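Novice: Just so it is clear, I am handing over entry.pdb, which has PDB, C-alpha atoms.
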```
ATOM      1  CA  MET A 166     -14.899 -27.827  -0.721
ATOM      2  CA  ASN A 167     -11.423 -27.835   0.813
ATOM      3  CA  ILE A 168      -8.234 -25.768   0.940
ATOM      4  CA  ARG A 169      -6.449 -27.921  -1.647
ATOM      5  CA  GLN A 170      -9.254 -27.318  -4.136
ATOM      6  CA  LEU A 171      -8.934 -23.578  -3.581
ATOM      7  CA  GLU A 172      -5.162 -23.691  -4.041
ATOM      8  CA  ILE A 173      -5.533 -25.558  -7.338
ATOM      9  CA  PHE A 174      -8.376 -23.271  -8.445
ATOM     10  CA  THR A 175      -6.317 -20.092  -7.851
ATOM     11  CA  ALA A 176      -3.356 -21.630  -9.665
ATOM     12  CA  VAL A 177      -5.521 -22.443 -12.704
ATOM     13  CA  ALA A 178      -7.030 -18.937 -12.562
ATOM     14  CA  GLU A 179      -3.504 -17.503 -12.669
ATOM     15  CA  THR A 180      -2.191 -19.645 -15.539
ATOM     16  CA  GLY A 181      -5.410 -20.135 -17.501
ATOM     17  CA  SER A 182      -4.134 -23.594 -18.367
ATOM     18  CA  ILE A 183      -4.594 -27.100 -16.957
ATOM     19  CA  THR A 184      -1.265 -28.136 -18.494
ATOM     20  CA  LYS A 185       0.741 -25.270 -16.978
ATOM     21  CA  THR A 186      -0.900 -25.738 -13.592
ATOM     22  CA  ALA A 187      -0.120 -29.458 -13.621
ATOM     23  CA  GLU A 188       3.531 -28.720 -14.378
ATOM     24  CA  GLN A 189       3.651 -26.009 -11.723
ATOM     25  CA  LEU A 190       2.117 -28.183  -8.984
ATOM     26  CA  TYR A 191       3.708 -31.480 -10.102
ATOM     27  CA  LEU A 192       0.312 -33.105 -10.575
ATOM     28  CA  SER A 193      -1.293 -34.877 -13.491
ATOM     29  CA  GLN A 194      -3.599 -32.998 -15.845
ATOM     30  CA  PRO A 195      -6.535 -35.347 -15.085
ATOM     31  CA  ALA A 196      -6.065 -34.658 -11.358
ATOM     32  CA  ILE A 197      -6.221 -30.894 -11.953
ATOM     33  CA  SER A 198      -9.288 -31.217 -14.190
ATOM     34  CA  LYS A 199     -11.069 -33.424 -11.668
ATOM     35  CA  THR A 200     -10.339 -31.008  -8.838
ATOM     36  CA  ILE A 201     -11.867 -28.119 -10.781
ATOM     37  CA  ARG A 202     -14.928 -30.183 -11.727
ATOM     38  CA  ASP A 203     -15.389 -31.313  -8.110
ATOM     39  CA  LEU A 204     -15.097 -27.733  -6.856
ATOM     40  CA  GLU A 205     -17.662 -26.471  -9.370
ATOM     41  CA  THR A 206     -19.974 -29.336  -8.357
ATOM     42  CA  ASP A 207     -19.508 -28.576  -4.664
ATOM     43  CA  ILE A 208     -20.449 -24.898  -4.997
ATOM     44  CA  GLY A 209     -23.061 -25.499  -7.691
ATOM     45  CA  VAL A 210     -21.813 -23.039 -10.298
ATOM     46  CA  PRO A 211     -19.241 -23.164 -13.151
ATOM     47  CA  LEU A 212     -16.236 -20.931 -12.604
ATOM     48  CA  PHE A 213     -14.544 -21.060 -15.998
ATOM     49  CA  ASP A 214     -15.478 -20.665 -19.643
ATOM     50  CA  ARG A 215     -13.594 -23.028 -21.930
ATOM     51  CA  ILE A 216     -12.440 -21.067 -25.009
ATOM     52  CA  ASP A 217      -9.779 -22.179 -27.539
ATOM     53  CA  ASN A 218      -8.382 -24.840 -25.199
ATOM     54  CA  ARG A 219      -7.872 -22.265 -22.431
ATOM     55  CA  LEU A 220      -9.782 -21.607 -19.235
ATOM     56  CA  HIS A 221     -11.150 -18.105 -18.719
ATOM     57  CA  LEU A 222     -12.735 -17.032 -15.444
ATOM     58  CA  ASN A 223     -16.394 -16.162 -15.916
ATOM     59  CA  PRO A 224     -18.049 -13.465 -13.729
ATOM     60  CA  ALA A 225     -18.825 -15.990 -10.992
ATOM     61  CA  GLY A 226     -15.250 -17.259 -11.167
ATOM     62  CA  ARG A 227     -13.782 -13.770 -10.785
ATOM     63  CA  ALA A 228     -15.925 -13.085  -7.717
ATOM     64  CA  PHE A 229     -15.069 -16.522  -6.269
ATOM     65  CA  ARG A 230     -11.348 -15.945  -6.893
ATOM     66  CA  ILE A 231     -11.326 -12.793  -4.762
ATOM     67  CA  ARG A 232     -12.879 -14.569  -1.804
ATOM     68  CA  ALA A 233     -10.766 -17.704  -2.304
ATOM     69  CA  THR A 234      -7.572 -15.620  -2.353
ATOM     70  CA  ARG A 235      -8.560 -13.884   0.879
ATOM     71  CA  LEU A 236      -9.383 -17.189   2.547
ATOM     72  CA  LEU A 237      -6.084 -18.772   1.447
ATOM     73  CA  THR A 238      -4.143 -15.760   2.709
ATOM     74  CA  GLU A 239      -5.809 -16.000   6.103
ATOM     75  CA  PHE A 240      -5.389 -19.798   6.190
ATOM     76  CA  HIS A 241      -1.639 -19.596   5.495
ATOM     77  CA  ASP A 242      -1.252 -16.780   8.017
ATOM     78  CA  LEU A 243      -2.886 -18.976  10.668
ATOM     79  CA  ALA A 244      -0.888 -22.028   9.646
ATOM     80  CA  SER A 245       2.358 -20.143  10.211
ATOM     81  CA  PHE A 246       1.185 -18.204  13.267
ATOM     82  CA  GLY A 247       4.020 -17.566  15.719
ATOM     83  CA  GLU A 248       6.757 -18.920  13.473
ATOM     84  CA  GLN A 249       6.254 -18.096   9.844
ATOM     85  CA  THR A 250       8.605 -20.190   7.749
ATOM     86  CA  GLN A 251       7.585 -18.928   4.315
ATOM     87  CA  ALA A 252       6.165 -15.424   3.902
ATOM     88  CA  LEU A 253       3.436 -14.932   1.354
ATOM     89  CA  PRO A 254       4.316 -12.346  -1.302
ATOM     90  CA  LEU A 255       2.848  -8.886  -0.925
ATOM     91  CA  ARG A 256       1.251  -8.161  -4.295
ATOM     92  CA  VAL A 257       1.503  -4.529  -5.329
ATOM     93  CA  GLY A 258       0.211  -2.507  -8.262
ATOM     94  CA  THR A 259       1.420   0.936  -9.314
ATOM     95  CA  SER A 260       0.531   3.247 -12.142
ATOM     96  CA  MET A 261       3.411   3.768 -14.547
ATOM     97  CA  THR A 262       4.023   7.331 -13.333
ATOM     98  CA  ILE A 263       4.246   6.328  -9.667
ATOM     99  CA  GLY A 264       6.284   3.286 -10.687
ATOM    100  CA  GLN A 265       8.873   5.586 -12.246
ATOM    101  CA  LEU A 266       8.797   8.257  -9.557
ATOM    102  CA  SER A 267       8.425   6.516  -6.215
ATOM    103  CA  LEU A 268       8.635   2.743  -6.568
ATOM    104  CA  PRO A 269      12.445   2.332  -6.227
ATOM    105  CA  ALA A 270      12.724   4.461  -3.075
ATOM    106  CA  ALA A 271       9.593   2.960  -1.488
ATOM    107  CA  VAL A 272      10.680  -0.641  -2.088
ATOM    108  CA  THR A 273      14.212   0.065  -0.845
ATOM    109  CA  GLU A 274      12.791   1.479   2.400
ATOM    110  CA  PHE A 275      10.275  -1.370   2.758
ATOM    111  CA  ARG A 276      12.986  -4.019   2.417
ATOM    112  CA  LYS A 277      14.818  -2.496   5.359
ATOM    113  CA  LEU A 278      11.691  -3.035   7.471
ATOM    114  CA  TYR A 279      10.583  -6.425   6.085
ATOM    115  CA  PRO A 280      13.589  -8.078   4.431
ATOM    116  CA  ASP A 281      11.929 -11.514   4.428
ATOM    117  CA  THR A 282       8.656 -10.429   2.800
ATOM    118  CA  PRO A 283       8.719 -11.133  -0.935
ATOM    119  CA  LEU A 284       7.113  -8.617  -3.281
ATOM    120  CA  LYS A 285       5.269  -9.177  -6.537
ATOM    121  CA  ILE A 286       4.868  -5.866  -8.333
ATOM    122  CA  TYR A 287       2.880  -4.814 -11.395
ATOM    123  CA  SER A 288       3.489  -1.365 -12.915
ATOM    124  CA  GLU A 289       0.856  -0.723 -15.587
ATOM    125  CA  ASN A 290      -1.719   1.841 -16.632
ATOM    126  CA  VAL A 291      -4.371   2.848 -14.121
ATOM    127  CA  GLN A 292      -7.203   0.864 -15.708
ATOM    128  CA  ARG A 293      -5.167  -2.342 -15.740
ATOM    129  CA  ILE A 294      -4.195  -1.957 -12.077
ATOM    130  CA  LYS A 295      -7.838  -1.345 -11.129
ATOM    131  CA  ALA A 296      -8.758  -4.564 -12.933
ATOM    132  CA  ARG A 297      -6.068  -6.447 -11.010
ATOM    133  CA  LEU A 298      -7.470  -5.145  -7.725
ATOM    134  CA  LEU A 299     -10.965  -6.291  -8.681
ATOM    135  CA  ASN A 300      -9.651  -9.699  -9.765
ATOM    136  CA  GLY A 301      -7.697 -10.168  -6.540
ATOM    137  CA  ASP A 302      -4.300 -10.074  -8.287
ATOM    138  CA  VAL A 303      -2.930  -7.305  -6.056
ATOM    139  CA  ASP A 304      -3.382  -6.482  -2.371
ATOM    140  CA  VAL A 305      -2.695  -2.751  -2.526
ATOM    141  CA  ALA A 306      -2.203  -0.302  -5.389
ATOM    142  CA  PHE A 307      -0.721   3.168  -5.752
ATOM    143  CA  LEU A 308      -2.438   5.347  -8.340
ATOM    144  CA  GLU A 309      -2.615   9.023  -9.217
ATOM    145  CA  GLY A 310      -5.780  10.972  -9.949
ATOM    146  CA  PHE A 311      -8.078   8.245  -8.661
ATOM    147  CA  ALA A 312     -11.832   8.744  -9.129
ATOM    148  CA  SER A 313     -14.061   7.685  -6.240
ATOM    149  CA  SER A 314     -15.575   4.233  -6.541
ATOM    150  CA  GLN A 315     -17.845   1.978  -4.509
ATOM    151  CA  SER A 316     -15.428  -0.904  -5.147
ATOM    152  CA  PHE A 317     -12.298   0.648  -3.609
ATOM    153  CA  THR A 318     -11.046   2.441  -0.531
ATOM    154  CA  ALA A 319      -8.669   5.295  -1.351
ATOM    155  CA  LEU A 320      -6.196   6.966   1.028
ATOM    156  CA  PRO A 321      -4.488  10.185  -0.225
ATOM    157  CA  ILE A 322      -0.717   9.980   0.197
ATOM    158  CA  SER A 323       0.682  12.937  -1.785
ATOM    159  CA  GLU A 324      -0.087  15.737  -4.227
ATOM    160  CA  TYR A 325       1.907  17.674  -6.809
ATOM    161  CA  PRO A 326       1.390  20.060  -9.747
ATOM    162  CA  LEU A 327       1.283  19.010 -13.386
ATOM    163  CA  LEU A 328       3.417  21.252 -15.581
ATOM    164  CA  ALA A 329       3.307  22.128 -19.282
ATOM    165  CA  VAL A 330       6.900  21.932 -20.523
ATOM    166  CA  GLY A 331       8.714  22.216 -23.823
ATOM    167  CA  ALA A 332      12.034  23.192 -25.336
ATOM    168  CA  PRO A 333      13.252  26.675 -24.355
ATOM    169  CA  HIS A 334      11.825  29.472 -26.514
ATOM    170  CA  LEU A 335       9.343  27.167 -28.220
ATOM    171  CA  THR A 336       6.888  30.082 -28.177
ATOM    172  CA  PRO A 337       7.543  33.858 -28.072
ATOM    173  CA  THR A 338       6.407  34.013 -24.437
ATOM    174  CA  ALA A 339       6.089  31.450 -21.677
ATOM    175  CA  GLN A 340       2.522  32.610 -20.884
ATOM    176  CA  LEU A 341       0.217  31.135 -23.533
ATOM    177  CA  THR A 342      -3.141  32.638 -24.474
ATOM    178  CA  ARG A 343      -6.170  30.632 -25.600
ATOM    179  CA  ALA A 344      -5.415  31.575 -29.201
ATOM    180  CA  GLU A 345      -1.766  30.507 -28.902
ATOM    181  CA  MET A 346      -2.859  27.181 -27.395
ATOM    182  CA  LEU A 347      -4.472  26.268 -30.701
ATOM    183  CA  GLN A 348      -1.250  26.939 -32.620
ATOM    184  CA  VAL A 349       1.214  25.004 -30.425
ATOM    185  CA  PRO A 350       1.716  21.256 -31.057
ATOM    186  CA  PHE A 351       0.953  19.111 -28.009
ATOM    187  CA  LEU A 352       2.578  15.801 -27.055
ATOM    188  CA  LEU A 353       0.204  13.924 -24.769
ATOM    189  CA  ARG A 354      -0.330  10.635 -22.981
ATOM    190  CA  GLU A 355      -3.032   8.260 -24.181
ATOM    191  CA  LEU A 356      -6.734   8.813 -23.557
ATOM    192  CA  GLY A 357      -7.726   7.453 -20.148
ATOM    193  CA  SER A 358      -4.360   8.190 -18.522
ATOM    194  CA  THR A 359      -4.377  10.501 -15.520
ATOM    195  CA  LEU A 360      -2.164  13.128 -17.160
ATOM    196  CA  ARG A 361      -4.382  13.213 -20.242
ATOM    197  CA  ASP A 362      -7.589  13.324 -18.190
ATOM    198  CA  HIS A 363      -6.375  16.316 -16.146
ATOM    199  CA  PHE A 364      -5.238  18.151 -19.286
ATOM    200  CA  ASP A 365      -8.463  17.482 -21.200
ATOM    201  CA  GLU A 366     -10.561  18.564 -18.203
ATOM    202  CA  THR A 367      -8.621  21.830 -17.922
ATOM    203  CA  MET A 368      -9.030  22.504 -21.639
ATOM    204  CA  HIS A 369     -12.745  21.747 -21.406
ATOM    205  CA  HIS A 370     -13.151  24.380 -18.686
ATOM    206  CA  ILE A 371     -11.598  27.070 -20.890
ATOM    207  CA  GLY A 372     -13.453  25.928 -24.008
ATOM    208  CA  ILE A 373     -10.560  24.531 -26.033
ATOM    209  CA  ASP A 374     -10.358  21.170 -27.798
ATOM    210  CA  ILE A 375      -6.736  20.049 -28.256
ATOM    211  CA  GLU A 376      -5.843  17.298 -30.717
ATOM    212  CA  PRO A 377      -2.288  16.142 -29.916
ATOM    213  CA  MET A 378       0.319  15.969 -32.640
ATOM    214  CA  LEU A 379       1.897  13.025 -30.779
ATOM    215  CA  GLN A 380       0.166  10.604 -28.443
ATOM    216  CA  SER A 381       2.084   7.926 -26.539
ATOM    217  CA  THR A 382       1.859   5.626 -23.531
ATOM    218  CA  SER A 383       5.549   6.296 -22.891
ATOM    219  CA  THR A 384       6.531   9.346 -20.854
ATOM    220  CA  ALA A 385      10.111   8.939 -22.104
ATOM    221  CA  VAL A 386       8.941   9.297 -25.723
ATOM    222  CA  LEU A 387       7.057  12.479 -24.841
ATOM    223  CA  ILE A 388      10.000  13.974 -22.924
ATOM    224  CA  ASN A 389      12.440  13.319 -25.758
ATOM    225  CA  ALA A 390      10.021  14.808 -28.287
ATOM    226  CA  ALA A 391       9.548  17.889 -26.100
ATOM    227  CA  LYS A 392      13.323  18.318 -25.663
ATOM    228  CA  ALA A 393      13.688  18.131 -29.452
ATOM    229  CA  GLY A 394      11.300  21.076 -29.825
ATOM    230  CA  LEU A 395       8.352  19.163 -31.282
ATOM    231  CA  GLY A 396       5.809  20.672 -28.879
ATOM    232  CA  LEU A 397       4.567  20.894 -25.302
ATOM    233  CA  THR A 398       3.925  17.954 -23.010
ATOM    234  CA  ILE A 399       2.412  17.599 -19.542
ATOM    235  CA  LEU A 400       4.562  16.171 -16.739
ATOM    236  CA  PRO A 401       4.283  15.745 -12.973
ATOM    237  CA  SER A 402       6.527  18.339 -11.361
ATOM    238  CA  PRO A 403       8.984  15.727  -9.931
ATOM    239  CA  PHE A 404       9.452  14.368 -13.460
ATOM    240  CA  ALA A 405       9.913  17.806 -14.972
ATOM    241  CA  GLN A 406      12.218  19.335 -12.358
ATOM    242  CA  PRO A 407      15.535  17.727 -13.428
ATOM    243  CA  TYR A 408      14.999  18.902 -17.016
ATOM    244  CA  LEU A 409      13.983  22.390 -15.884
ATOM    245  CA  THR A 410      17.085  22.601 -13.692
ATOM    246  CA  ALA A 411      19.311  21.415 -16.559
ATOM    247  CA  GLY A 412      17.690  23.906 -18.924
ATOM    248  CA  THR A 413      16.694  21.282 -21.503
ATOM    249  CA  LEU A 414      13.008  22.003 -20.863
ATOM    250  CA  GLN A 415      11.158  25.181 -19.940
ATOM    251  CA  ARG A 416       7.882  25.624 -18.103
ATOM    252  CA  TYR A 417       4.988  27.216 -19.992
ATOM    253  CA  GLU A 418       1.940  28.717 -18.294
ATOM    254  CA  LEU A 419      -1.426  27.640 -19.722
ATOM    255  CA  PRO A 420      -4.692  29.547 -19.321
ATOM    256  CA  GLY A 421      -7.075  28.242 -16.680
ATOM    257  CA  GLN A 422      -6.474  26.759 -13.250
ATOM    258  CA  GLU A 423      -3.231  25.067 -12.257
ATOM    259  CA  MET A 424      -3.342  21.334 -12.935
ATOM    260  CA  ARG A 425      -2.643  19.131  -9.904
ATOM    261  CA  THR A 426      -2.868  15.438  -9.214
ATOM    262  CA  VAL A 427      -3.422  13.586  -5.949
ATOM    263  CA  ASN A 428      -1.818  10.179  -5.417
ATOM    264  CA  TYR A 429      -3.622   7.442  -3.498
ATOM    265  CA  ALA A 430      -3.078   4.087  -1.856
ATOM    266  CA  ILE A 431      -5.975   1.915  -3.052
ATOM    267  CA  THR A 432      -7.392  -1.288  -1.577
ATOM    268  CA  LEU A 433     -10.485  -3.318  -2.350
ATOM    269  CA  LYS A 434     -13.349  -2.120  -0.197
ATOM    270  CA  GLY A 435     -13.888  -4.464   2.746
ATOM    271  CA  SER A 436     -10.317  -5.783   2.690
ATOM    272  CA  ALA A 437      -8.445  -5.346   5.954
ATOM    273  CA  VAL A 438      -5.050  -3.633   5.686
ATOM    274  CA  ASN A 439      -2.509  -5.609   7.727
ATOM    275  CA  ALA A 440       0.650  -4.255   9.331
ATOM    276  CA  VAL A 441       2.882  -5.223   6.393
ATOM    277  CA  GLN A 442       0.624  -3.528   3.859
ATOM    278  CA  GLN A 443       0.394  -0.421   6.031
ATOM    279  CA  ALA A 444       4.187  -0.300   6.241
ATOM    280  CA  LEU A 445       4.383  -0.323   2.447
ATOM    281  CA  VAL A 446       1.799   2.482   2.252
ATOM    282  CA  ASP A 447       3.922   4.505   4.670
ATOM    283  CA  CYS A 448       7.021   3.866   2.534
ATOM    284  CA  PHE A 449       5.259   5.117  -0.594
ATOM    285  CA  LYS A 450       3.951   8.123   1.307
ATOM    286  CA  LYS A 451       7.469   8.952   2.449
ATOM    287  CA  ALA A 452       8.943   8.442  -1.033
ATOM    288  CA  GLN A 453       6.290  10.579  -2.726
ATOM    289  CA  TRP A 454       6.623  13.316  -0.121
ATOM    290  CA  HIS A 455      10.325  13.600  -0.959
ATOM    291  CA  GLU A 456       9.539  13.565  -4.694
ATOM    292  CA  SER A 457       7.094  16.431  -4.304
ATOM    293  CA  LEU A 458       9.631  18.700  -2.564
TER
END
```
What does the file become when written as C-alpha cells?
Specialist:
Amino acid sequence: MNIRQLEIFTAVAETGSITKTAEQLYLSQPAISKTIRDLETDIGVPLFDRIDNRLHLNPAGRAFRIRATRLLTEFHDLASFGEQTQALPLRVGTSMTIGQLSLPAAVTEFRKLYPDTPLKIYSENVQRIKARLLNGDVDVAFLEGFASSQSFTALPISEYPLLAVGAPHLTPTAQLTRAEMLQVPFLLRELGSTLRDHFDETMHHIGIDIEPMLQSTSTAVLINAAKAGLGLTILPSPFAQPYLTAGTLQRYELPGQEMRTVNYAITLKGSAVNAVQQALVDCFKKAQWHESL
C-alpha cells in the first residue's frame, strides 16, 4: 500500500465513478481500476460494492476512508512543513439553521485570520451532516440540539430560546392553554429536525400530541406561512427577533417549560483539532454569541 493508492482510493470514494476519477486525475480508466484492485489485494478486503456500474463504499470501505483521509491529511501537512505551498481545504458541515444564522459572519471572520485556507462547506440537515462526519467528508461540524454519542466529541458554543410565533392577534390571547393548543394550526419543521424534536418533546411532557397543518424542511416557507396568519411556527430567537421587532410576527407563550437549544462544535471522536480548526470554532462561537444577544 502506498500514498498514491490512497489518493486514488479517496478520489474514487468521492466520485463513485472510475470514469470521473480518471478524468479528474488525468489517468486512464484501466489504471484507476488496477490501483483499486491492487489496494484491495494489499489490505485483503474489498472496499467497494459494484452496483449499476457505480462504486459504492461498503462498511469496510467507509471505515478505511476515514483512516485514509486522516493519513493523507497528515502526509500533506508533513510534505509542506515549514513552507506550505498549497493549503488543504478545511471541510465544514453546518445544520441549515446555523448555516443561515451564523455561517456568513463566522466565515468572514475566519478569512481575516486564514485568508489562504480554502473552505469546503456543506449546509444540510443534522442527520446528513452526522453521516458526513462519520464518512470523513467533513473535519468539523456545527449543529444545534446535538444528542450525546460515542462516535463524536461535542463542544457547546452557544445557547438560545426557541419561540412560538405567529401573525399578530392569531389567537385571543398570547398565552395559550392546553385546550387552545389543540385548536391552533401549527407550522413545523420535518420530523428529526432539532426544532421539531424540541417541540415534540415539550408537547410530550404536557401530554399533547400536535399534528402540524404544514410541515416543511424550509424555515422560509414556515415564516411566510406564519406571517400570512396560517398558524404558529417555532423559531430560534435570533431568527424570530427581526420579525418581532417589525411587528409582522408576535410571540405566543406555550404551556410547559421554555424551549431552548444548545449549539455545538462537533468532531469525530479521536480526531485531533488543529489550530486552524480551533480558529474556525472560535469564529462560530463569536458569531453565535452575537446572534444570541
Novice: I'd like to see the residues matched by the PyMOL selection byres ((chain A and resi 226) around 12) on this file, and ideally I'd get them as a ChimeraX atom specification.
Specialist: /A:171,174-175,177-179,201,204-205,208-214,220-225,227-234,300-301
Novice: If I take atom CA of Ala271 of chain A and atom CA of Leu243 of chain A, how far is one from the other in Å, to one decimal?
Specialist: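 Distance reported for this atom pair: 28.0 Å.
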Novice: Hey, what's within 8 Å of Tyr325 of chain A if we count only C-alpha atoms and toss same-chain stuff fewer than 2 positions away? As an NGL selection string, please?
Specialist: :A and (323 or 327 or 401-403 or 425-427 or 457)
Novice: Using all atoms listed in the file, pick whichever of A:Thr282, A:Thr200, A:Gln348, A:Thr238 has the shortest atom-to-atom distance to Asp304 of chain A.
Specialist: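 So, comparing all the options, the nearest one is A:Thr238.
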Novice: Need the shell around segment 359-365 of chain A: protein/DNA/RNA residues with any atom at most 7 Å away, counting all atoms listed in the file. Skip same-chain ones fewer than 5 positions apart. Format as a list of chain:residue names?
Specialist: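 Counting all atoms listed in the file, the residues come to A:Glu309, A:Gly310, A:Leu353, A:Arg354, A:Ile399, A:Met424.
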Novice: Starting from the displayed file, determine the output of the PyMOL selection byres ((chain A and resi 390) around 12) and express the residue list as a ChimeraX atom specification.
Specialist: /A:330-332,350-353,378-381,383-389,391-399,413-414
Novice: Where's the centre, and what are the edge lengths in Å to one decimal, of a box along x, y and z enclosing all listed atoms of segment 207-213 of chain A padded 6 Å per side, as JSON?
Specialist:
```
{"center_x": -18.8, "center_y": -24.8, "center_z": -10.3, "size_x": 20.5, "size_y": 19.6, "size_z": 23.3}
```
Novice: Which residue is closest to Phe275 of chain A? Choose from A:Gly181, A:Leu255, A:Met261, A:Val303 and count all atoms listed in the file.
Specialist: A:Leu255
Novice: Output as JSON lines one row per residue of segment 206-260 of chain A within 10 Å of segment 431-437 of chain A: the closest atom pair and its distance in Å to one decimal place, counting only C-alpha atoms, sorted by chain and residue number ascending.
Specialist:
```
{"residue": "A:Ile231", "atom": "CA", "partner": "A:Leu433", "partner_atom": "CA", "distance": 9.8}
{"residue": "A:Arg235", "atom": "CA", "partner": "A:Ser436", "partner_atom": "CA", "distance": 8.5}
{"residue": "A:Gly258", "atom": "CA", "partner": "A:Ile431", "partner_atom": "CA", "distance": 9.2}
{"residue": "A:Thr259", "atom": "CA", "partner": "A:Ile431", "partner_atom": "CA", "distance": 9.7}
```
Novice: For segment 195-197 of chain A, list every protein, DNA or RNA residue within 8 Å, evaluated using all atoms listed in the file, and leave out those in the same chain fewer than 6 positions away; present the list as a list in words.
Specialist: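 The residues that qualify are Ile173, Ile183, Thr186 and Ala187 of chain A.
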